[in-house]
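Reproduced below: structure_15.cif, with mmCIF, C-alpha atoms and all ligand atoms.
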```cif
data_target
loop_
_atom_site.label_atom_id
_atom_site.label_comp_id
_atom_site.auth_asym_id
_atom_site.auth_seq_id
_atom_site.Cartn_x
_atom_site.Cartn_y
_atom_site.Cartn_z
CA MET A 1 -33.40 -9.80 44.77
CA SER A 2 -30.75 -7.20 44.05
CA LYS A 3 -31.35 -4.15 41.93
CA THR A 4 -28.17 -4.95 40.04
CA GLN A 5 -29.28 -8.39 38.90
CA ILE A 6 -29.74 -8.83 35.17
CA LYS A 7 -33.38 -9.14 34.21
CA ASN A 8 -32.95 -9.34 30.46
CA VAL A 9 -30.36 -9.26 27.68
CA HIS A 10 -31.60 -8.32 24.25
CA ALA A 11 -29.65 -8.06 20.99
CA ARG A 12 -30.83 -6.24 17.90
CA HIS A 13 -29.63 -5.65 14.36
CA VAL A 14 -28.33 -2.09 13.73
CA TRP A 15 -26.03 -0.57 11.05
CA ASP A 16 -22.48 0.79 11.18
CA SER A 17 -20.72 3.70 9.46
CA ARG A 18 -19.93 1.57 6.39
CA GLY A 19 -23.62 0.65 6.03
CA ARG A 20 -22.90 -2.87 7.25
CA PRO A 21 -24.91 -4.78 9.85
CA THR A 22 -23.68 -4.85 13.42
CA ILE A 23 -25.01 -5.96 16.79
CA GLU A 24 -26.43 -3.78 19.56
CA VAL A 25 -27.01 -5.32 22.99
CA GLU A 26 -29.29 -3.94 25.68
CA VAL A 27 -28.98 -5.19 29.26
CA THR A 28 -31.88 -4.43 31.63
CA LEU A 29 -31.52 -4.78 35.40
CA ARG A 30 -34.23 -5.73 37.93
CA TYR A 31 -34.98 -2.15 39.01
CA GLY A 32 -34.98 -0.86 35.45
CA ALA A 33 -31.44 0.43 34.84
CA ILE A 34 -30.42 -0.12 31.22
CA GLY A 35 -27.02 -0.42 29.54
CA ARG A 36 -26.68 -0.43 25.79
CA ALA A 37 -23.66 -0.89 23.51
CA ILE A 38 -22.83 -1.57 19.86
CA ALA A 39 -19.95 -3.66 18.47
CA PRO A 40 -17.60 -1.82 16.06
CA ALA A 41 -15.73 -3.55 13.21
CA GLY A 42 -12.20 -3.29 11.80
CA ALA A 43 -11.06 -3.43 8.17
CA SER A 44 -7.31 -3.87 8.73
CA THR A 45 -7.58 -6.45 11.46
CA GLY A 46 -4.76 -8.25 13.25
CA SER A 47 -4.84 -12.01 12.65
CA ALA A 48 -4.87 -12.80 16.40
CA GLU A 49 -7.94 -10.69 17.19
CA VAL A 50 -10.96 -12.55 18.56
CA HIS A 51 -13.27 -13.80 15.83
CA GLU A 52 -15.98 -11.52 14.46
CA LEU A 53 -18.96 -13.72 13.60
CA ARG A 54 -20.57 -12.91 10.23
CA ASP A 55 -23.27 -14.97 8.58
CA GLY A 56 -21.68 -15.23 5.13
CA GLY A 57 -23.89 -16.08 2.16
CA THR A 58 -25.38 -13.44 -0.09
CA ARG A 59 -27.67 -11.44 2.19
CA TYR A 60 -26.00 -8.16 3.34
CA GLY A 61 -23.05 -9.15 1.15
CA GLY A 62 -22.15 -11.81 3.70
CA TYR A 63 -21.82 -9.25 6.53
CA GLY A 64 -24.99 -10.31 8.38
CA VAL A 65 -24.77 -10.78 12.15
CA ASN A 66 -27.90 -12.87 12.75
CA GLY A 67 -25.80 -15.70 14.19
CA ALA A 68 -24.28 -13.32 16.74
CA ILE A 69 -27.71 -11.85 17.56
CA ASN A 70 -29.20 -15.32 18.07
CA ALA A 71 -26.27 -16.23 20.33
CA VAL A 72 -27.07 -13.27 22.61
CA ASN A 73 -30.83 -13.77 22.58
CA GLY A 74 -30.36 -17.49 23.25
CA GLU A 75 -27.38 -18.90 25.15
CA ILE A 76 -25.95 -15.64 26.48
CA ARG A 77 -29.28 -14.34 27.77
CA LYS A 78 -29.91 -17.65 29.54
CA ARG A 79 -26.46 -17.63 31.16
CA LEU A 80 -26.56 -13.98 32.29
CA LYS A 81 -30.12 -13.72 33.62
CA GLY A 82 -30.06 -13.22 37.39
CA GLN A 83 -26.32 -12.41 37.49
CA PRO A 84 -25.20 -9.28 39.39
CA VAL A 85 -23.42 -6.74 37.19
CA GLN A 86 -20.89 -5.19 39.58
CA ASP A 87 -18.29 -7.89 39.09
CA GLN A 88 -17.35 -7.26 35.45
CA VAL A 89 -14.52 -9.82 35.56
CA ALA A 90 -16.96 -12.54 36.66
CA ILE A 91 -19.42 -11.57 33.91
CA ASP A 92 -16.66 -11.64 31.29
CA HIS A 93 -15.48 -15.06 32.50
CA LEU A 94 -19.03 -16.33 32.15
CA LEU A 95 -19.17 -15.02 28.58
CA ILE A 96 -15.83 -16.56 27.62
CA ASP A 97 -16.81 -19.81 29.28
CA CYS A 98 -20.17 -19.84 27.54
CA ASP A 99 -18.42 -19.48 24.17
CA GLY A 100 -15.87 -22.16 24.98
CA THR A 101 -13.33 -21.34 22.25
CA SER A 102 -10.06 -19.43 22.66
CA ASP A 103 -10.91 -16.90 19.93
CA LEU A 104 -14.64 -16.53 20.75
CA SER A 105 -15.50 -17.94 17.35
CA ARG A 106 -18.54 -19.97 18.42
CA LEU A 107 -20.81 -17.18 19.70
CA GLY A 108 -18.77 -14.39 18.12
CA GLY A 109 -16.39 -11.77 19.51
CA ASN A 110 -18.84 -9.12 18.26
CA ALA A 111 -21.71 -10.68 20.28
CA ILE A 112 -19.50 -10.91 23.35
CA ILE A 113 -17.92 -7.43 23.30
CA ALA A 114 -21.32 -5.77 22.78
CA THR A 115 -22.72 -7.75 25.74
CA SER A 116 -19.68 -7.06 27.93
CA MET A 117 -19.89 -3.31 27.22
CA ALA A 118 -23.67 -3.25 27.76
CA VAL A 119 -23.27 -4.96 31.16
CA LEU A 120 -20.68 -2.36 32.17
CA ARG A 121 -22.97 0.47 31.07
CA ALA A 122 -25.85 -1.08 33.03
CA ALA A 123 -23.67 -1.28 36.15
CA ALA A 124 -22.90 2.45 35.84
CA ALA A 125 -26.57 3.25 35.18
CA ALA A 126 -27.56 1.34 38.34
CA GLU A 127 -25.29 3.70 40.31
CA LYS A 128 -26.77 6.67 38.40
CA LEU A 129 -23.28 7.66 37.31
CA PRO A 130 -21.87 8.41 33.86
CA LEU A 131 -19.60 5.52 32.87
CA TRP A 132 -16.33 7.50 33.10
CA GLN A 133 -17.16 8.49 36.66
CA TYR A 134 -18.29 4.99 37.65
CA LEU A 135 -14.95 3.62 36.42
CA GLY A 136 -13.02 6.38 38.19
CA THR A 137 -14.85 5.52 41.42
CA LEU A 138 -13.93 1.86 40.95
CA ARG A 139 -10.25 2.72 40.81
CA GLY A 140 -10.56 4.72 43.97
CA GLU A 141 -10.84 8.19 42.51
CA SER A 142 -14.00 10.16 42.95
CA ASP A 143 -13.19 11.95 39.69
CA ALA A 144 -10.99 10.74 36.90
CA ASN A 145 -7.94 12.99 36.82
CA VAL A 146 -6.91 12.74 33.23
CA LEU A 147 -8.32 13.53 29.84
CA PRO A 148 -6.82 11.71 26.91
CA LEU A 149 -4.90 13.59 24.25
CA PRO A 150 -6.70 13.20 20.90
CA GLU A 151 -4.90 11.61 17.95
CA ILE A 152 -6.89 12.71 14.90
CA GLN A 153 -6.73 11.52 11.30
CA ILE A 154 -6.38 14.11 8.51
CA PHE A 155 -5.87 11.78 5.51
CA GLY A 156 -7.18 8.21 5.36
CA GLY A 157 -5.41 5.55 3.33
CA GLY A 158 -4.68 1.84 3.03
CA ALA A 159 -7.65 -0.46 3.65
CA HIS A 160 -9.79 2.58 4.54
CA ALA A 161 -9.39 4.24 1.13
CA GLY A 162 -9.23 1.46 -1.44
CA GLN A 163 -5.42 1.36 -1.03
CA ARG A 164 -5.26 4.75 -2.82
CA VAL A 165 -2.03 5.29 -0.86
CA ASP A 166 -0.36 2.46 1.05
CA ILE A 167 -0.01 4.12 4.46
CA GLN A 168 -3.29 3.91 6.40
CA ASP A 169 -3.51 6.89 8.78
CA PHE A 170 -1.95 10.33 8.52
CA MET A 171 -2.86 11.88 11.85
CA VAL A 172 -2.02 14.85 14.08
CA ILE A 173 -1.58 15.12 17.83
CA ALA A 174 -1.91 18.58 19.39
CA VAL A 175 1.00 17.94 21.74
CA GLY A 176 1.19 21.58 22.85
CA ALA A 177 -2.52 22.04 23.61
CA SER A 178 -3.34 22.88 27.18
CA SER A 179 -6.78 21.30 27.27
CA TYR A 180 -8.91 18.74 25.47
CA ALA A 181 -11.03 21.51 23.93
CA GLU A 182 -7.93 23.32 22.68
CA ALA A 183 -6.57 20.10 21.15
CA LEU A 184 -9.82 19.72 19.19
CA GLU A 185 -9.81 23.36 18.10
CA TRP A 186 -6.24 23.18 16.80
CA THR A 187 -6.99 19.94 15.00
CA ALA A 188 -10.05 21.51 13.37
CA ASP A 189 -7.71 24.27 12.13
CA VAL A 190 -5.41 21.67 10.55
CA TYR A 191 -8.32 19.72 9.04
CA ARG A 192 -9.67 22.91 7.46
CA ALA A 193 -6.22 23.94 6.19
CA ALA A 194 -5.64 20.46 4.72
CA GLY A 195 -9.00 20.69 2.93
CA GLU A 196 -8.07 24.10 1.50
CA ILE A 197 -4.71 22.81 0.23
CA MET A 198 -6.42 19.77 -1.34
CA ALA A 199 -8.98 22.05 -3.03
CA GLU A 200 -6.26 24.41 -4.36
CA GLN A 201 -4.41 21.44 -5.86
CA ASN A 202 -7.56 19.88 -7.30
CA LEU A 203 -7.13 16.87 -5.02
CA LEU A 204 -10.34 17.18 -3.01
CA GLN A 205 -12.39 14.04 -3.68
CA GLY A 206 -14.36 13.41 -0.48
CA VAL A 207 -13.41 11.41 2.58
CA ALA A 208 -12.22 7.91 3.48
CA ASP A 209 -13.75 5.42 5.98
CA GLU A 210 -12.78 7.36 9.10
CA GLY A 211 -13.56 10.83 7.74
CA GLY A 212 -10.01 11.84 6.74
CA PHE A 213 -9.65 13.35 3.25
CA TRP A 214 -9.48 10.85 0.40
CA PRO A 215 -5.73 10.60 -0.34
CA ALA A 216 -5.51 11.52 -4.02
CA PHE A 217 -1.70 11.77 -3.83
CA ASP A 218 1.02 10.70 -6.26
CA SER A 219 3.15 9.19 -3.52
CA ASN A 220 2.97 8.28 0.16
CA GLU A 221 5.45 11.03 0.91
CA GLN A 222 3.27 13.65 -0.78
CA ALA A 223 0.69 12.99 1.93
CA LEU A 224 3.31 13.72 4.59
CA VAL A 225 4.49 16.89 2.84
CA THR A 226 0.88 18.09 2.50
CA LEU A 227 0.11 17.30 6.14
CA THR A 228 3.16 19.26 7.33
CA ARG A 229 2.07 22.18 5.11
CA ALA A 230 -1.43 21.99 6.54
CA ILE A 231 -0.06 22.28 10.09
CA GLU A 232 1.97 25.32 9.06
CA LYS A 233 -0.95 26.88 7.17
CA SER A 234 -3.18 26.39 10.22
CA GLY A 235 -0.93 28.84 12.10
CA HIS A 236 0.28 26.26 14.61
CA HIS A 237 3.89 25.22 15.07
CA PRO A 238 4.83 21.74 13.83
CA VAL A 239 6.24 19.76 16.79
CA HIS A 240 5.75 22.35 19.54
CA ASP A 241 2.00 22.70 18.94
CA ILE A 242 1.04 19.91 16.62
CA ALA A 243 2.97 16.80 15.68
CA ILE A 244 2.33 14.05 13.15
CA SER A 245 1.35 10.50 13.97
CA LEU A 246 1.27 7.69 11.39
CA ASP A 247 -0.40 4.29 11.34
CA ILE A 248 1.58 2.45 8.68
CA ALA A 249 -0.59 -0.71 9.06
CA ALA A 250 2.26 -2.52 7.32
CA SER A 251 0.61 -5.96 7.57
CA GLU A 252 -1.77 -4.74 4.87
CA PHE A 253 0.97 -4.39 2.25
CA GLY A 254 3.68 -6.76 3.39
CA SER A 255 4.38 -10.28 4.59
CA ASN A 256 7.46 -12.44 5.14
CA GLY A 257 9.64 -9.33 5.41
CA LEU A 258 8.73 -8.00 1.95
CA TYR A 259 6.71 -4.79 1.64
CA LYS A 260 5.08 -3.56 -1.55
CA LEU A 261 4.42 0.18 -1.66
CA ASN A 262 2.20 0.21 -4.75
CA ARG A 263 1.72 3.98 -4.80
CA ASP A 264 5.51 4.46 -4.91
CA ASN A 265 6.05 1.46 -7.19
CA ARG A 266 8.66 0.05 -4.79
CA GLU A 267 9.22 -3.28 -3.11
CA LEU A 268 11.14 -2.98 0.15
CA SER A 269 12.80 -5.39 2.55
CA SER A 270 12.06 -5.03 6.26
CA ASP A 271 15.24 -3.00 6.78
CA MET A 272 14.51 -0.79 3.79
CA LEU A 273 11.01 0.03 5.09
CA SER A 274 12.48 0.69 8.51
CA GLY A 275 15.07 2.97 6.90
CA LEU A 276 12.38 4.86 4.98
CA LEU A 277 10.44 5.46 8.22
CA VAL A 278 13.56 6.59 10.10
CA ASP A 279 14.24 9.00 7.23
CA TRP A 280 10.68 10.35 7.58
CA VAL A 281 11.16 10.73 11.34
CA GLU A 282 14.20 12.87 10.59
CA ARG A 283 12.52 15.01 7.94
CA PHE A 284 8.98 15.40 9.26
CA PRO A 285 7.60 16.31 12.71
CA ILE A 286 6.58 12.74 13.55
CA VAL A 287 5.98 11.78 17.17
CA SER A 288 4.26 8.40 16.88
CA ILE A 289 4.30 5.47 14.43
CA GLU A 290 1.91 2.52 14.64
CA ASP A 291 2.48 -0.92 13.08
CA PRO A 292 5.65 0.23 11.25
CA LEU A 293 6.27 -3.34 10.10
CA GLY A 294 4.08 -6.38 9.68
CA GLU A 295 2.65 -8.45 12.51
CA ASP A 296 4.73 -11.39 11.20
CA ASP A 297 8.00 -9.39 11.39
CA PRO A 298 8.98 -9.20 15.09
CA ALA A 299 12.69 -8.96 14.20
CA GLY A 300 11.99 -5.91 12.04
CA LEU A 301 9.75 -4.42 14.73
CA HIS A 302 12.53 -4.94 17.25
CA ARG A 303 15.15 -3.24 15.04
CA PHE A 304 12.84 -0.30 14.33
CA THR A 305 11.96 0.10 18.03
CA TRP A 306 15.64 0.02 18.93
CA ALA A 307 16.38 2.73 16.35
CA VAL A 308 13.71 5.27 17.31
CA SER A 309 12.06 4.43 20.63
CA LYS A 310 13.73 7.27 22.57
CA ARG A 311 12.20 9.90 20.36
CA VAL A 312 9.11 8.31 18.84
CA GLN A 313 6.18 6.38 20.23
CA VAL A 314 6.17 2.96 18.52
CA VAL A 315 2.65 1.57 18.75
CA GLY A 316 1.62 -2.06 18.37
CA ASP A 317 -1.87 -2.64 17.00
CA ASP A 318 -1.99 -5.71 14.72
CA TYR A 319 1.04 -7.15 16.53
CA LEU A 320 -0.34 -6.76 20.07
CA VAL A 321 -4.12 -7.05 19.42
CA THR A 322 -5.01 -5.67 22.90
CA ASN A 323 -3.59 -8.77 24.56
CA ALA A 324 -1.90 -8.57 27.99
CA GLY A 325 0.41 -11.55 27.36
CA LYS A 326 1.55 -10.13 24.04
CA VAL A 327 2.24 -6.72 25.64
CA GLU A 328 4.42 -8.37 28.32
CA ASP A 329 6.23 -10.47 25.73
CA ALA A 330 6.84 -7.43 23.49
CA ALA A 331 8.27 -5.47 26.42
CA ASP A 332 10.62 -8.38 27.20
CA LYS A 333 11.82 -8.48 23.62
CA GLY A 334 12.18 -4.73 23.15
CA ILE A 335 9.39 -4.50 20.59
CA CYS A 336 7.21 -1.34 20.58
CA ASN A 337 6.85 1.08 23.49
CA ALA A 338 3.09 1.63 23.32
CA VAL A 339 -0.07 -0.35 22.66
CA LEU A 340 -3.34 0.43 20.95
CA ILE A 341 -6.30 -0.63 23.12
CA LYS A 342 -9.28 -1.76 21.02
CA PRO A 343 -11.79 -3.57 23.26
CA ASN A 344 -13.28 -5.59 20.39
CA GLN A 345 -9.86 -7.08 19.55
CA ALA A 346 -9.78 -8.54 23.06
CA GLY A 347 -13.45 -9.59 23.14
CA THR A 348 -14.36 -8.42 26.64
CA ILE A 349 -14.01 -5.26 28.72
CA SER A 350 -11.93 -7.14 31.31
CA SER A 351 -9.42 -8.52 28.81
CA ALA A 352 -9.02 -5.06 27.26
CA LYS A 353 -8.46 -3.66 30.77
CA SER A 354 -5.84 -6.37 31.44
CA ALA A 355 -3.97 -5.33 28.29
CA PHE A 356 -4.03 -1.70 29.49
CA ASP A 357 -2.86 -2.73 32.99
CA ALA A 358 -0.06 -4.80 31.43
CA ALA A 359 1.00 -1.76 29.40
CA ARG A 360 1.19 0.37 32.53
CA ALA A 361 3.18 -2.31 34.36
CA VAL A 362 5.84 -2.47 31.62
CA ASN A 363 5.86 1.30 31.17
CA PHE A 364 4.30 1.25 27.70
CA GLY A 365 2.19 4.13 26.44
CA ALA A 366 -1.45 3.34 25.64
CA ILE A 367 -3.99 4.71 23.20
CA ILE A 368 -7.63 3.74 23.42
CA SER A 369 -8.99 3.33 19.92
CA ALA A 370 -12.15 3.03 17.85
CA ARG A 371 -12.37 0.91 14.67
CA SER A 372 -12.80 1.97 11.06
CA GLY A 373 -16.37 0.62 11.15
CA GLU A 374 -18.07 2.61 13.91
CA THR A 375 -21.39 3.86 15.25
CA GLU A 376 -22.75 6.45 17.65
CA ASP A 377 -21.51 4.33 20.57
CA THR A 378 -19.20 6.37 22.81
CA THR A 379 -18.15 3.70 25.31
CA ILE A 380 -14.44 3.93 24.44
CA VAL A 381 -14.30 7.62 25.38
CA HIS A 382 -15.62 6.75 28.85
CA LEU A 383 -13.15 3.88 29.15
CA GLY A 384 -10.33 6.25 28.19
CA VAL A 385 -11.20 8.81 30.87
CA GLY A 386 -12.34 6.29 33.49
CA TRP A 387 -9.29 4.04 33.22
CA GLY A 388 -6.85 6.93 32.78
CA VAL A 389 -5.66 6.08 29.25
CA LYS A 390 -3.61 9.03 28.03
CA GLN A 391 -4.43 9.05 24.32
CA LEU A 392 -7.61 8.63 22.30
CA LYS A 393 -7.84 7.65 18.60
CA VAL A 394 -11.27 7.65 16.96
CA GLY A 395 -10.54 8.63 13.34
CA SER A 396 -10.92 12.03 11.73
CA PHE A 397 -12.70 15.29 12.44
CA ALA A 398 -15.75 14.63 10.25
CA ARG A 399 -18.62 12.10 10.08
CA SER A 400 -20.86 11.76 13.08
CA GLU A 401 -19.68 8.33 14.24
CA ARG A 402 -16.34 10.11 14.87
CA MET A 403 -17.73 13.44 16.11
CA ALA A 404 -20.06 11.63 18.55
CA LYS A 405 -16.92 10.49 20.36
CA TRP A 406 -15.00 13.80 20.27
CA ASN A 407 -18.17 15.57 21.46
CA GLU A 408 -18.72 13.07 24.28
CA GLY A 409 -15.18 13.96 25.40
CA ILE A 410 -16.24 17.64 25.53
CA ARG A 411 -19.17 16.78 27.82
CA ILE A 412 -16.93 14.74 30.10
CA ALA A 413 -14.22 17.44 30.12
CA GLU A 414 -16.83 20.02 31.09
CA ALA A 415 -18.15 17.86 33.95
CA ILE A 416 -14.62 17.25 35.25
CA SER A 417 -13.54 20.87 34.96
CA ILE A 418 -16.61 22.04 36.89
CA SER A 419 -15.83 19.71 39.78
CA ALA A 420 -12.07 20.40 39.56
CA GLY A 421 -12.60 24.16 39.37
CA GLY A 422 -10.80 24.59 36.03
CA ASP A 423 -9.59 22.90 32.85
CA LEU A 424 -7.48 19.81 33.35
CA PRO A 425 -4.38 19.62 31.18
CA VAL A 426 -4.10 16.84 28.63
CA ASP A 427 -0.88 14.87 28.75
CA GLY A 428 -0.34 12.16 26.18
CA ASN A 429 2.77 10.84 27.94
CA LEU A 430 4.69 11.05 24.67
CA PRO A 431 8.49 11.10 24.37
CA PRO A 432 9.98 14.51 25.24
CA ARG A 433 9.71 16.94 22.36
CA SER A 434 13.30 18.10 22.85
CA ALA A 435 14.28 14.66 21.54
CA PHE A 436 12.80 15.35 18.10
CA PRO A 437 15.24 16.28 15.37
CA TRP A 438 12.58 18.82 14.37
CA ALA A 439 12.38 20.63 17.70
P1 LIG A 501 -9.29 -0.95 11.63
O1 LIG A 501 -8.21 0.21 11.57
O2 LIG A 501 -10.33 -0.59 12.59
O3 LIG A 501 -9.75 -1.05 10.20
O4 LIG A 501 -8.52 -2.19 12.05
C1 LIG A 501 -7.83 0.98 12.66
C2 LIG A 501 -6.35 0.85 12.94
O5 LIG A 501 -5.64 0.10 12.25
O6 LIG A 501 -5.87 1.45 13.87
ZN ZN A 502 -3.74 0.41 13.42
#
```

Taking this structure as input, can you express it in the form of structure tokens?
Amino acid sequence: MSKTQIKNVHARHVWDSRGRPTIEVEVTLRYGAIGRAIAPAGASTGSAEVHELRDGGTRYGGYGVNGAINAVNGEIRKRLKGQPVQDQVAIDHLLIDCDGTSDLSRLGGNAIIATSMAVLRAAAAAEKLPLWQYLGTLRGESDANVLPLPEIQIFGGGAHAGQRVDIQDFMVIAVGASSYAEALEWTADVYRAAGEIMAEQNLLQGVADEGGFWPAFDSNEQALVTLTRAIEKSGHHPVHDIAISLDIAASEFGSNGLYKLNRDNRELSSDMLSGLLVDWVERFPIVSIEDPLGEDDPAGLHRFTWAVSKRVQVVGDDYLVTNAGKVEDAADKGICNAVLIKPNQAGTISSAKSAFDAARAVNFGAIISARSGETEDTTIVHLGVGWGVKQLKVGSFARSERMAKWNEGIRIAEAISISAGGDLPVDGNLPPRSAFPWA
């Protein structure tokens, strides 16, 4: 009997940052090591993500996860009992096989990702290692040698703020920071400055789903103007110190090549939206744009990538849904140059890792990302450091489901810097700043 054999798998009902039910899974090994993980949930989901199983009906507004919990405490527990945890790929195959559908709709992608993450955490616990270090050891490095560069939301929007503005995320990246801690400090300066500007203009109305300020703006562009002002007011240099990153999440306001910017009272063709974004790239210190066009608009995504990819990171989220095959196909077609890695889009740890490996193989950037519905779970921060993902996106600089992740990064950075004898630089692997029109 091996100490790494699974003795029990137990799922329970917990709550996420939107006050909605979600599933927590606890995996206990023979000698007592425990791994625990919670499934997050998106609001602006890509249509090809694995299926999140909700109960429907009236209880919990239809968001119940009792079906997913029963799947874990029934079929999944039975299948995993006695399995060794070191071979994550084998465990994930078992889970996918047990479900039997291509989109994990029978047992639920939420049931399966929570189980997959809990198994991984149990495997690290059995080795008495923090997860980031366990993963670093697996890839042949006694210590991970990279800390991801944080990408932090300042204003929320789109599906995370009742469509108050159309664009979903107005974020900053502290491209000039020399350490993870410095990147957080500079971002805190910008967040504070943005709050002061909002208060001065009577626009301060609380925060959106991911903790960014509620976007009480008259136009989408006003958010960009205010964000640039906030960077300047914070005392940091736009571009050299702190650059802007946008998640347009265009699938939320457009389909069939037609995009409706309600806040601006404009309807745009694919080329017109592309043109608007290129204009913004020229007028604002933007270094990264995610989902610039809809997931059903590969031709538009290709044209936009062609126009800006030398100077801007073009990130696929809804279009690539953390899928290795889609990343390879996009690289072939010249669509995007970076991918967002959200483990719950892929359904298992191993399929998320495959998407990250595919990105590396085709020379795409990668950002490991939380969802808009989150919890205190910090697994993605460990995955980011342990796998060597260069950027980390977990929402804003407020609300504890977000801060739990930034703070976990501080603990990991401290542990690494002690063993490395000094702070490790953060390097987001972004396009060279000299290429920006703003530089
Ligand atoms: P979601 O948003 O978690 O609501 O999908 C995050 C994102 O689009 O990056
Ligand atoms: Zn996105």

Surrounding residues as a PyMOL selection string, ligand ZN 502 (chain A), max 8 Å, all atoms listed in the file | chain A and resi 44+168-169+247-249+290-291+316-318+340

Around ligand LIG 501 (chain A), at most 6 Å away and counting all atoms listed in the file, which residues are there? Put them as number ranges by chain, please.
-> A: 42-45, 371-372

Polymer residues at most 10 Å from (-5.3, 20.8, 20.1) by all atoms listed in the file, as number ranges by chain = A: 149-152, 172-190, 236, 241-242, 426

The distance between atom CA of A:Ala111 and atom CA of A:Leu129 is 25.1 Å

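Remark: for A:Ile112, the closest of the candidate residues A:Ser350, A:Ser369, A:Ser245, A:Gln83 is A:Ser350 (distances computed over all atoms listed in the file).
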
Show which residues sit within 9 Å of A:Arg164, as a VMD selection string. Count only C-alpha atoms, and ignore same-chain residues fewer than 4 positions away.
-> chain A and resid 157 to 160 214 to 217 262 to 263

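If you look at atom CA of A:Val65 and atom CA of A:Thr22, they are 6.2 Å away from each other.
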
Polymer residues at most 7 Å from A:Cys336, only C-alpha atoms, same-chain spacing of 4 or more positions, as a PyMOL selection string | chain A and resi 305+314-316+330
